[in-house]
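Undergrad: To start, I am sharing the structure in question, which I have written as structure tokens.
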Amino acid sequence: MASLFLLVGVTIAGAVSAQQFQTSAPQAILIDAATNTVLFEKGADELATPASTVKILTAELVFRELAEGRLKLTDQFPVSEYAWRNGGAPAGGSAMFLKVNSSASVEDLLRGLLIDSGNDAALVLAEGLAGSEEGFVVRMNKRAGELGLTKSRFGNPWGKASDDQKVTAREMARLAQHVIETYPDYYKYFGEKEFTWNNIRQQNRNPLLTMSIGADGLKTGNIEKGEFGLVGSAVQDGRRLIVAVYGAKTAKERAEEARKLLAWGFRNFEERELFKAGEAVGPAQVYGGAAGSVDLRAAKDVKVLLPRGATERLTGKIVYEGPVIAPVTEGQKIGRLEIKRGTSTVLEQPLEAREAVAEGSLSRRAFDAVYEYAAAKIHEKLAAKK
């Protein structure tokens, strides 16, 4: 892994620190969806019990099947005795109250999953897509890996606490961001206020939806021993923030800490542009090419949210696997830009080649080969002395 360090010359006058906010939640994170800026974090990479917030991933797998045409909202899934007994009325947890040996459409099951937080709906969807709960769990972990949820692991689709089901606040916030951006036509189910099934009317369990703060999703969760979590999102003046809190002691604390984080984020940050889309951010070294390096660009504007009046200087680093092997095509994904405020990473954005680099002449490739060999030997000697 090669990296190029560069200073991003941004200094803002004033004296407000982004981390002045305090929360009683043991694990929390607040991110800006448009810029990927981390506005606040506390224990965001510590493992926590997701409880019913795991249903965000369950929904993502269903949304993906719908978006790619392998499933329709009108498709019917049967309610097995297993799903009814372990997730429905007999289990005593949150349920859609499906009847055993009946069936329900995918759309109704999604509403039961996301509005009622139905454990039975989660199990019916899992069995409908993968044939069994166990098969669906395999899909969950595979999909989590594809989405970059490297620390989180999943053991069931409905939220039962177990050692093989742990998440981090950071990764759940990123999962929520992915769902919001990728499936706008289906994300709406998270924000519906109520749902009636089997003559039982239930209110959405997300308390943020009733707080007049622009909230439109996502999910709450809690387990018997009193750990309460919430992954939520709200929009104000066109700006979307995503919050995740875990480990709260009560439902009231969970709701209040999430609300305070969102309100603080909307009130105390302003957007700053660092690079325009297509602008050269910095170079990456090229091996065997007609040129020795290639400029990198971001596909969209690079923006961050900064505390109003902040004085911290931002620094940036380009990280890529290198050197890059020629030929290089324009738009080729090369690496990423990392922006830090102090020791905290506030932004990561993919970078791509700004122009093409053809394969170099034979003599050029030979020179690069000798250079790389010598550099590797020097690196080995320096490493041996440590």
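By order in the structure tokens, chains are A, B, ...; within a chain, residues start at 1; ligands start at 1, following the order shown.
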Skip Ile200 in chain A itself and residues of its chain fewer than 3 positions away, then list as a JSON list (two decimals) with all heavy atoms, in the first residue's frame all residues within 12 Å of it, counting only C-alpha atoms.
TA:
```json
[["chain", "number", "residue", "atom", "x", "y", "z"],
["A", 89, "ALA", "N", -46.65, -14.26, 17.25],
["A", 89, "ALA", "CA", -47.33, -14.07, 18.53],
["A", 89, "ALA", "C", -46.86, -15.03, 19.62],
["A", 89, "ALA", "O", -46.68, -14.60, 20.77],
["A", 89, "ALA", "CB", -48.84, -14.20, 18.32],
["A", 95, "ALA", "N", -43.89, -8.25, 16.68],
["A", 95, "ALA", "CA", -44.41, -9.11, 15.63],
["A", 95, "ALA", "C", -45.38, -8.36, 14.73],
["A", 95, "ALA", "O", -46.00, -7.38, 15.13],
["A", 95, "ALA", "CB", -45.12, -10.33, 16.24],
["A", 96, "MET", "N", -45.47, -8.85, 13.51],
["A", 96, "MET", "CA", -46.47, -8.38, 12.55],
["A", 96, "MET", "C", -47.80, -9.10, 12.80],
["A", 96, "MET", "O", -48.83, -8.67, 12.32],
["A", 96, "MET", "CB", -45.95, -8.65, 11.14],
["A", 96, "MET", "CG", -46.86, -8.26, 10.00],
["A", 96, "MET", "SD", -46.04, -8.66, 8.42],
["A", 96, "MET", "CE", -47.41, -8.40, 7.27],
["A", 97, "PHE", "N", -47.74, -10.21, 13.54],
["A", 97, "PHE", "CA", -48.89, -11.07, 13.85],
["A", 97, "PHE", "C", -49.42, -11.78, 12.62],
["A", 97, "PHE", "O", -50.62, -11.82, 12.35],
["A", 97, "PHE", "CB", -49.99, -10.29, 14.57],
["A", 97, "PHE", "CG", -49.54, -9.78, 15.91],
["A", 97, "PHE", "CD1", -49.23, -8.44, 16.10],
["A", 97, "PHE", "CD2", -49.39, -10.64, 16.99],
["A", 97, "PHE", "CE1", -48.80, -7.96, 17.33],
["A", 97, "PHE", "CE2", -48.96, -10.18, 18.22],
["A", 97, "PHE", "CZ", -48.66, -8.84, 18.40],
["A", 98, "LEU", "N", -48.46, -12.36, 11.87],
["A", 98, "LEU", "CA", -48.82, -13.22, 10.75],
["A", 98, "LEU", "C", -49.44, -14.52, 11.28],
["A", 98, "LEU", "O", -49.10, -14.99, 12.37],
["A", 98, "LEU", "CB", -47.57, -13.56, 9.94],
["A", 98, "LEU", "CG", -46.93, -12.39, 9.17],
["A", 98, "LEU", "CD1", -45.49, -12.70, 8.84],
["A", 98, "LEU", "CD2", -47.73, -12.08, 7.90],
["A", 112, "GLY", "N", -44.35, -4.81, 7.63],
["A", 112, "GLY", "CA", -44.32, -5.49, 8.91],
["A", 112, "GLY", "C", -42.94, -5.51, 9.53],
["A", 112, "GLY", "O", -42.78, -5.41, 10.75],
["A", 116, "ASP", "N", -43.64, -2.34, 12.04],
["A", 116, "ASP", "CA", -43.97, -3.10, 13.24],
["A", 116, "ASP", "C", -42.73, -3.71, 13.90],
["A", 116, "ASP", "O", -42.82, -4.22, 15.01],
["A", 116, "ASP", "CB", -44.93, -4.24, 12.90],
["A", 116, "ASP", "CG", -46.23, -3.76, 12.27],
["A", 116, "ASP", "OD1", -46.51, -2.56, 12.37],
["A", 116, "ASP", "OD2", -46.95, -4.60, 11.70],
["A", 194, "GLU", "N", -47.57, 4.13, 10.40],
["A", 194, "GLU", "CA", -48.34, 3.04, 11.01],
["A", 194, "GLU", "C", -48.65, 1.98, 9.96],
["A", 194, "GLU", "O", -48.54, 2.22, 8.75],
["A", 194, "GLU", "CB", -49.65, 3.56, 11.61],
["A", 194, "GLU", "CG", -50.58, 4.19, 10.59],
["A", 194, "GLU", "CD", -51.87, 4.69, 11.22],
["A", 194, "GLU", "OE1", -51.80, 5.38, 12.25],
["A", 194, "GLU", "OE2", -52.94, 4.38, 10.65],
["A", 195, "PHE", "N", -49.04, 0.81, 10.45],
["A", 195, "PHE", "CA", -49.39, -0.29, 9.55],
["A", 195, "PHE", "C", -50.38, -1.20, 10.26],
["A", 195, "PHE", "O", -50.24, -1.48, 11.46],
["A", 195, "PHE", "CB", -48.13, -1.08, 9.18],
["A", 195, "PHE", "CG", -48.40, -2.24, 8.26],
["A", 195, "PHE", "CD1", -49.04, -2.06, 7.05],
["A", 195, "PHE", "CD2", -47.98, -3.52, 8.61],
["A", 195, "PHE", "CE1", -49.29, -3.14, 6.20],
["A", 195, "PHE", "CE2", -48.21, -4.60, 7.76],
["A", 195, "PHE", "CZ", -48.86, -4.40, 6.55],
["A", 196, "THR", "N", -51.40, -1.61, 9.52],
["A", 196, "THR", "CA", -52.41, -2.51, 10.08],
["A", 196, "THR", "C", -52.38, -3.84, 9.35],
["A", 196, "THR", "O", -52.43, -3.89, 8.11],
["A", 196, "THR", "CB", -53.82, -1.89, 9.94],
["A", 196, "THR", "OG1", -53.86, -0.66, 10.66],
["A", 196, "THR", "CG2", -54.87, -2.83, 10.52],
["A", 197, "TRP", "N", -52.26, -4.92, 10.12],
["A", 197, "TRP", "CA", -52.29, -6.26, 9.57],
["A", 197, "TRP", "C", -53.04, -7.16, 10.53],
["A", 197, "TRP", "O", -52.88, -7.07, 11.74],
["A", 197, "TRP", "CB", -50.87, -6.78, 9.36],
["A", 197, "TRP", "CG", -50.83, -8.16, 8.76],
["A", 197, "TRP", "CD1", -50.68, -9.35, 9.42],
["A", 197, "TRP", "CD2", -50.97, -8.49, 7.38],
["A", 197, "TRP", "NE1", -50.72, -10.39, 8.53],
["A", 197, "TRP", "CE2", -50.90, -9.90, 7.27],
["A", 197, "TRP", "CE3", -51.16, -7.73, 6.23],
["A", 197, "TRP", "CZ2", -51.00, -10.56, 6.05],
["A", 197, "TRP", "CZ3", -51.25, -8.39, 5.01],
["A", 197, "TRP", "CH2", -51.18, -9.78, 4.92],
["A", 203, "GLN", "N", -48.11, 1.39, 15.52],
["A", 203, "GLN", "CA", -47.36, 2.61, 15.20],
["A", 203, "GLN", "C", -45.90, 2.26, 14.93],
["A", 203, "GLN", "O", -45.36, 1.31, 15.50],
["A", 203, "GLN", "CB", -47.44, 3.60, 16.37],
["A", 203, "GLN", "CG", -48.86, 4.01, 16.75],
["A", 203, "GLN", "CD", -49.51, 4.86, 15.69],
["A", 203, "GLN", "OE1", -48.87, 5.72, 15.08],
["A", 203, "GLN", "NE2", -50.80, 4.63, 15.46]]
```
Undergrad: Could you name the residues that touch range 48-62 of chain A at 6 Å or less, counting only C-alpha atoms, but leaving out those on the same chain fewer than 5 positions away, as an MDAnalysis selection string?
TA: chainID A and resid 157:159 166:168 219:222
Undergrad: Atoms to include: N, CA and C atoms. Write the selected residues as a tab-separated table (two decimals), in the first residue's frame.
TA:
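result.tsv written:
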```tsv
chain	number	residue	atom	x	y	z
A	157	PRO	N	-31.67	-12.79	11.14
A	157	PRO	CA	-32.19	-11.62	10.42
A	157	PRO	C	-33.14	-10.75	11.22
A	158	TRP	N	-33.41	-11.09	12.49
A	158	TRP	CA	-34.46	-10.36	13.21
A	158	TRP	C	-34.01	-9.69	14.50
A	159	GLY	N	-32.81	-10.01	15.00
A	159	GLY	CA	-32.28	-9.23	16.11
A	159	GLY	C	-32.07	-9.97	17.41
A	166	LYS	N	-22.93	-9.06	16.17
A	166	LYS	CA	-22.40	-7.82	16.73
A	166	LYS	C	-22.15	-6.83	15.60
A	167	VAL	N	-22.33	-5.55	15.89
A	167	VAL	CA	-22.12	-4.51	14.90
A	167	VAL	C	-21.38	-3.34	15.53
A	168	THR	N	-20.96	-2.40	14.72
A	168	THR	CA	-20.43	-1.14	15.22
A	168	THR	C	-21.35	-0.01	14.77
A	219	LYS	N	-34.40	2.51	12.12
A	219	LYS	CA	-34.86	1.44	13.00
A	219	LYS	C	-34.34	1.61	14.41
A	220	THR	N	-35.17	1.13	15.36
A	220	THR	CA	-34.74	1.01	16.75
A	220	THR	C	-34.48	-0.45	17.07
A	221	GLY	N	-33.89	-0.68	18.24
A	221	GLY	CA	-33.67	-2.05	18.69
A	221	GLY	C	-33.37	-2.07	20.17
A	222	ASN	N	-33.78	-3.12	20.85
A	222	ASN	CA	-33.40	-3.31	22.25
A	222	ASN	C	-33.49	-4.79	22.60
```
Undergrad: Select from range 73-261 of chain A everything DSSP, run on the backbone, classes as helix (DSSP H, G or I), then give the selection as a ChimeraX atom specification.
TA: /A:81-87,89-91,106-114,119-130,133-146,169-182,184-191,207-210,251-261
Undergrad: Return as a PyMOL selection string the full set of residues in range 26-263 of chain A whose backbone-based DSSP assignment is strand (DSSP E).
TA: chain A and resi 27-32+38-42+76-78+103-105+194-197+200-203+215-222+228-236+239-248
Undergrad: Just to confirm, what's the straight-line distance from CA of Ala67 in chain A to CA of Val179 in chain A in Å (one decimal)?
TA: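 Atom-to-atom, CA of Ala67 in chain A and CA of Val179 in chain A are spaced 11.7 Å apart.
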Undergrad: Fewer than 4 positions away in the same chain doesn't count, so skip those; otherwise give me all residues within 7 Å of range 323-337 of chain A, counting only C-alpha atoms, as an MDAnalysis selection string.
TA: chainID A and resid 285:289 316:319 348:359
Undergrad: Excluding Asp108 in chain A and its own-chain neighbours fewer than 3 positions away, which residues fall within 9 Å of it when counting only C-alpha atoms? Please give them as an mmCIF file with all heavy atoms, in the first residue's frame.
TA:
```
data_model
loop_
_atom_site.group_PDB
_atom_site.id
_atom_site.type_symbol
_atom_site.label_atom_id
_atom_site.label_comp_id
_atom_site.auth_asym_id
_atom_site.auth_seq_id
_atom_site.Cartn_x
_atom_site.Cartn_y
_atom_site.Cartn_z
ATOM 1 N N LEU A 73 -42.826 -6.751 -5.523
ATOM 2 C CA LEU A 73 -43.535 -6.405 -4.296
ATOM 3 C C LEU A 73 -44.793 -7.248 -4.119
ATOM 4 O O LEU A 73 -45.242 -7.476 -3.000
ATOM 5 C CB LEU A 73 -43.898 -4.920 -4.293
ATOM 6 C CG LEU A 73 -42.748 -3.935 -4.109
ATOM 7 C CD1 LEU A 73 -43.226 -2.497 -4.349
ATOM 8 C CD2 LEU A 73 -42.133 -4.055 -2.719
ATOM 9 N N THR A 74 -45.354 -7.709 -5.224
ATOM 10 C CA THR A 74 -46.592 -8.483 -5.156
ATOM 11 C C THR A 74 -46.362 -9.976 -4.931
ATOM 12 O O THR A 74 -47.323 -10.723 -4.725
ATOM 13 C CB THR A 74 -47.394 -8.298 -6.450
ATOM 14 O OG1 THR A 74 -46.555 -8.622 -7.575
ATOM 15 C CG2 THR A 74 -47.882 -6.861 -6.578
ATOM 16 N N ALA A 104 -48.245 -13.742 2.719
ATOM 17 C CA ALA A 104 -48.276 -12.274 2.664
ATOM 18 C C ALA A 104 -47.388 -11.811 1.525
ATOM 19 O O ALA A 104 -46.416 -12.475 1.154
ATOM 20 C CB ALA A 104 -47.803 -11.678 3.990
ATOM 21 N N SER A 105 -47.727 -10.653 0.971
ATOM 22 C CA SER A 105 -46.917 -10.108 -0.121
ATOM 23 C C SER A 105 -45.615 -9.551 0.423
ATOM 24 O O SER A 105 -45.492 -9.216 1.602
ATOM 25 C CB SER A 105 -47.685 -8.999 -0.849
ATOM 26 O OG SER A 105 -47.787 -7.839 -0.026
ATOM 27 N N ARG A 111 -43.404 -3.799 5.214
ATOM 28 C CA ARG A 111 -44.041 -2.887 6.170
ATOM 29 C C ARG A 111 -44.060 -3.521 7.570
ATOM 30 O O ARG A 111 -43.812 -2.849 8.570
ATOM 31 C CB ARG A 111 -45.448 -2.540 5.710
ATOM 32 C CG ARG A 111 -45.482 -1.599 4.505
ATOM 33 C CD ARG A 111 -46.869 -1.034 4.269
ATOM 34 N NE ARG A 111 -46.824 0.084 3.337
ATOM 35 C CZ ARG A 111 -47.180 0.015 2.054
ATOM 36 N NH1 ARG A 111 -47.606 -1.140 1.554
ATOM 37 N NH2 ARG A 111 -47.116 1.076 1.279
ATOM 38 N N GLY A 112 -44.346 -4.813 7.626
ATOM 39 C CA GLY A 112 -44.322 -5.485 8.915
ATOM 40 C C GLY A 112 -42.938 -5.510 9.530
ATOM 41 O O GLY A 112 -42.777 -5.415 10.749
ATOM 42 N N LEU A 113 -41.922 -5.608 8.689
ATOM 43 C CA LEU A 113 -40.536 -5.625 9.152
ATOM 44 C C LEU A 113 -40.089 -4.267 9.671
ATOM 45 O O LEU A 113 -39.471 -4.167 10.743
ATOM 46 C CB LEU A 113 -39.628 -6.053 7.991
ATOM 47 C CG LEU A 113 -38.120 -6.086 8.256
ATOM 48 C CD1 LEU A 113 -37.747 -7.329 9.042
ATOM 49 C CD2 LEU A 113 -37.348 -6.034 6.931
ATOM 50 N N ALA A 121 -42.027 -11.283 10.340
ATOM 51 C CA ALA A 121 -41.829 -10.787 8.973
ATOM 52 C C ALA A 121 -40.394 -11.018 8.514
ATOM 53 O O ALA A 121 -40.143 -11.402 7.358
ATOM 54 C CB ALA A 121 -42.174 -9.301 8.892
ATOM 55 N N PHE A 195 -49.043 0.814 10.446
ATOM 56 C CA PHE A 195 -49.387 -0.290 9.554
ATOM 57 C C PHE A 195 -50.381 -1.196 10.263
ATOM 58 O O PHE A 195 -50.242 -1.484 11.459
ATOM 59 C CB PHE A 195 -48.133 -1.082 9.176
ATOM 60 C CG PHE A 195 -48.397 -2.240 8.259
ATOM 61 C CD1 PHE A 195 -49.040 -2.064 7.046
ATOM 62 C CD2 PHE A 195 -47.979 -3.517 8.607
ATOM 63 C CE1 PHE A 195 -49.285 -3.140 6.198
ATOM 64 C CE2 PHE A 195 -48.206 -4.597 7.764
ATOM 65 C CZ PHE A 195 -48.857 -4.404 6.552
ATOM 66 N N TRP A 197 -52.264 -4.916 10.125
ATOM 67 C CA TRP A 197 -52.290 -6.263 9.568
ATOM 68 C C TRP A 197 -53.045 -7.164 10.535
ATOM 69 O O TRP A 197 -52.877 -7.069 11.742
ATOM 70 C CB TRP A 197 -50.866 -6.783 9.359
ATOM 71 C CG TRP A 197 -50.835 -8.159 8.764
ATOM 72 C CD1 TRP A 197 -50.683 -9.345 9.417
ATOM 73 C CD2 TRP A 197 -50.974 -8.488 7.382
ATOM 74 N NE1 TRP A 197 -50.723 -10.392 8.534
ATOM 75 C CE2 TRP A 197 -50.899 -9.898 7.269
ATOM 76 C CE3 TRP A 197 -51.156 -7.730 6.228
ATOM 77 C CZ2 TRP A 197 -51.004 -10.560 6.046
ATOM 78 C CZ3 TRP A 197 -51.252 -8.388 5.014
ATOM 79 C CH2 TRP A 197 -51.176 -9.785 4.924
#
```
Undergrad: To one decimal place, how far is CA of Trp264 in chain A from CA of Lys300 in chain A in Å?
TA: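 For CA of Trp264 in chain A relative to CA of Lys300 in chain A, the distance reads 26.7 Å.
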Undergrad: Hey, could you make a per-residue contact list for range 240-326 of chain A against range 224-230 of chain A with 12 Å as the cut-off, showing the nearest pair of atoms and its distance in Å to one decimal, counting only C-alpha atoms, sorted by chain and number, as a Markdown table?
TA:
```
| residue | atom | partner | partner_atom | distance |
| --- | --- | --- | --- | --- |
| A:Ile242 | CA | A:Leu230 | CA | 10.6 |
| A:Val243 | CA | A:Leu230 | CA | 7.9 |
| A:Ala244 | CA | A:Leu230 | CA | 5.7 |
| A:Val245 | CA | A:Leu230 | CA | 5.4 |
| A:Tyr246 | CA | A:Gly229 | CA | 4.1 |
| A:Gly247 | CA | A:Glu227 | CA | 4.9 |
| A:Ala248 | CA | A:Phe228 | CA | 4.9 |
| A:Lys249 | CA | A:Glu227 | CA | 5.6 |
| A:Thr250 | CA | A:Phe228 | CA | 6.1 |
| A:Ala251 | CA | A:Phe228 | CA | 6.2 |
| A:Lys252 | CA | A:Phe228 | CA | 9.3 |
| A:Glu253 | CA | A:Phe228 | CA | 8.4 |
| A:Arg254 | CA | A:Phe228 | CA | 6.2 |
| A:Ala255 | CA | A:Leu230 | CA | 7.6 |
| A:Glu256 | CA | A:Leu230 | CA | 10.7 |
| A:Glu257 | CA | A:Leu230 | CA | 9.7 |
| A:Ala258 | CA | A:Leu230 | CA | 7.5 |
| A:Arg259 | CA | A:Leu230 | CA | 10.5 |
```
Undergrad: At what distance in Å, to one decimal, does CA of Pro307 in chain A lie from CA of Leu39 in chain A?
TA: 8.3 Å
Undergrad: What's the 8 Å shell around Phe136 in chain A, counting only C-alpha atoms, without same-chain residues fewer than 4 positions away, as a list in words?
TA: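 Selected residues are Ala126, Glu127, Leu129, Ala130, Gly131, Ser132, Met140 and Pro157 of chain A.
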Undergrad: Could those residues be written to a file, using all heavy atoms, as a PDB file, in the first residue's frame?
TA:
```pdb
ATOM      1  N   ALA A 126     -36.694 -14.057   5.136  1.00  0.00           N
ATOM      2  CA  ALA A 126     -35.450 -14.837   5.068  1.00  0.00           C
ATOM      3  C   ALA A 126     -35.693 -16.187   4.407  1.00  0.00           C
ATOM      4  O   ALA A 126     -34.946 -16.615   3.520  1.00  0.00           O
ATOM      5  CB  ALA A 126     -34.883 -15.016   6.472  1.00  0.00           C
ATOM      6  N   GLU A 127     -36.760 -16.861   4.839  1.00  0.00           N
ATOM      7  CA  GLU A 127     -37.071 -18.164   4.258  1.00  0.00           C
ATOM      8  C   GLU A 127     -37.496 -18.033   2.799  1.00  0.00           C
ATOM      9  O   GLU A 127     -37.154 -18.881   1.960  1.00  0.00           O
ATOM     10  CB  GLU A 127     -38.179 -18.833   5.075  1.00  0.00           C
ATOM     11  CG  GLU A 127     -37.735 -19.258   6.474  1.00  0.00           C
ATOM     12  CD  GLU A 127     -38.866 -19.854   7.295  1.00  0.00           C
ATOM     13  OE1 GLU A 127     -40.052 -19.556   7.013  1.00  0.00           O
ATOM     14  OE2 GLU A 127     -38.563 -20.629   8.218  1.00  0.00           O
ATOM     15  N   LEU A 129     -36.491 -15.819   0.609  1.00  0.00           N
ATOM     16  CA  LEU A 129     -35.370 -15.496  -0.266  1.00  0.00           C
ATOM     17  C   LEU A 129     -34.317 -16.592  -0.311  1.00  0.00           C
ATOM     18  O   LEU A 129     -33.712 -16.840  -1.356  1.00  0.00           O
ATOM     19  CB  LEU A 129     -34.705 -14.186   0.180  1.00  0.00           C
ATOM     20  CG  LEU A 129     -35.473 -12.889  -0.072  1.00  0.00           C
ATOM     21  CD1 LEU A 129     -34.626 -11.695   0.314  1.00  0.00           C
ATOM     22  CD2 LEU A 129     -35.885 -12.774  -1.530  1.00  0.00           C
ATOM     23  N   ALA A 130     -34.070 -17.228   0.828  1.00  0.00           N
ATOM     24  CA  ALA A 130     -32.933 -18.158   0.910  1.00  0.00           C
ATOM     25  C   ALA A 130     -33.328 -19.588   1.249  1.00  0.00           C
ATOM     26  O   ALA A 130     -32.458 -20.450   1.313  1.00  0.00           O
ATOM     27  CB  ALA A 130     -31.918 -17.638   1.932  1.00  0.00           C
ATOM     28  N   GLY A 131     -34.606 -19.839   1.491  1.00  0.00           N
ATOM     29  CA  GLY A 131     -35.042 -21.183   1.798  1.00  0.00           C
ATOM     30  C   GLY A 131     -35.024 -21.525   3.271  1.00  0.00           C
ATOM     31  O   GLY A 131     -35.755 -22.401   3.730  1.00  0.00           O
ATOM     32  N   SER A 132     -34.177 -20.827   4.032  1.00  0.00           N
ATOM     33  CA  SER A 132     -34.080 -21.065   5.473  1.00  0.00           C
ATOM     34  C   SER A 132     -33.430 -19.866   6.128  1.00  0.00           C
ATOM     35  O   SER A 132     -32.765 -19.052   5.469  1.00  0.00           O
ATOM     36  CB  SER A 132     -33.244 -22.319   5.768  1.00  0.00           C
ATOM     37  OG  SER A 132     -31.884 -22.103   5.421  1.00  0.00           O
ATOM     38  N   MET A 140     -26.465 -12.688   4.425  1.00  0.00           N
ATOM     39  CA  MET A 140     -26.257 -11.453   5.177  1.00  0.00           C
ATOM     40  C   MET A 140     -24.772 -11.158   5.351  1.00  0.00           C
ATOM     41  O   MET A 140     -24.311 -10.029   5.110  1.00  0.00           O
ATOM     42  CB  MET A 140     -26.921 -11.555   6.561  1.00  0.00           C
ATOM     43  CG  MET A 140     -28.436 -11.577   6.535  1.00  0.00           C
ATOM     44  SD  MET A 140     -29.139 -11.840   8.181  1.00  0.00           S
ATOM     45  CE  MET A 140     -28.866 -10.208   8.921  1.00  0.00           C
ATOM     46  N   PRO A 157     -31.669 -12.789  11.139  1.00  0.00           N
ATOM     47  CA  PRO A 157     -32.190 -11.616  10.422  1.00  0.00           C
ATOM     48  C   PRO A 157     -33.145 -10.748  11.216  1.00  0.00           C
ATOM     49  O   PRO A 157     -33.644  -9.757  10.691  1.00  0.00           O
ATOM     50  CB  PRO A 157     -32.926 -12.259   9.241  1.00  0.00           C
ATOM     51  CG  PRO A 157     -33.425 -13.551   9.786  1.00  0.00           C
ATOM     52  CD  PRO A 157     -32.388 -14.026  10.767  1.00  0.00           C
TER      53      PRO A 157
END
```
Undergrad: So, counting only C-alpha atoms, which residue among A:Leu208, A:Asp216, A:Thr35, A:Arg240 is closest to Phe275 in chain A?
TA: A:Thr35
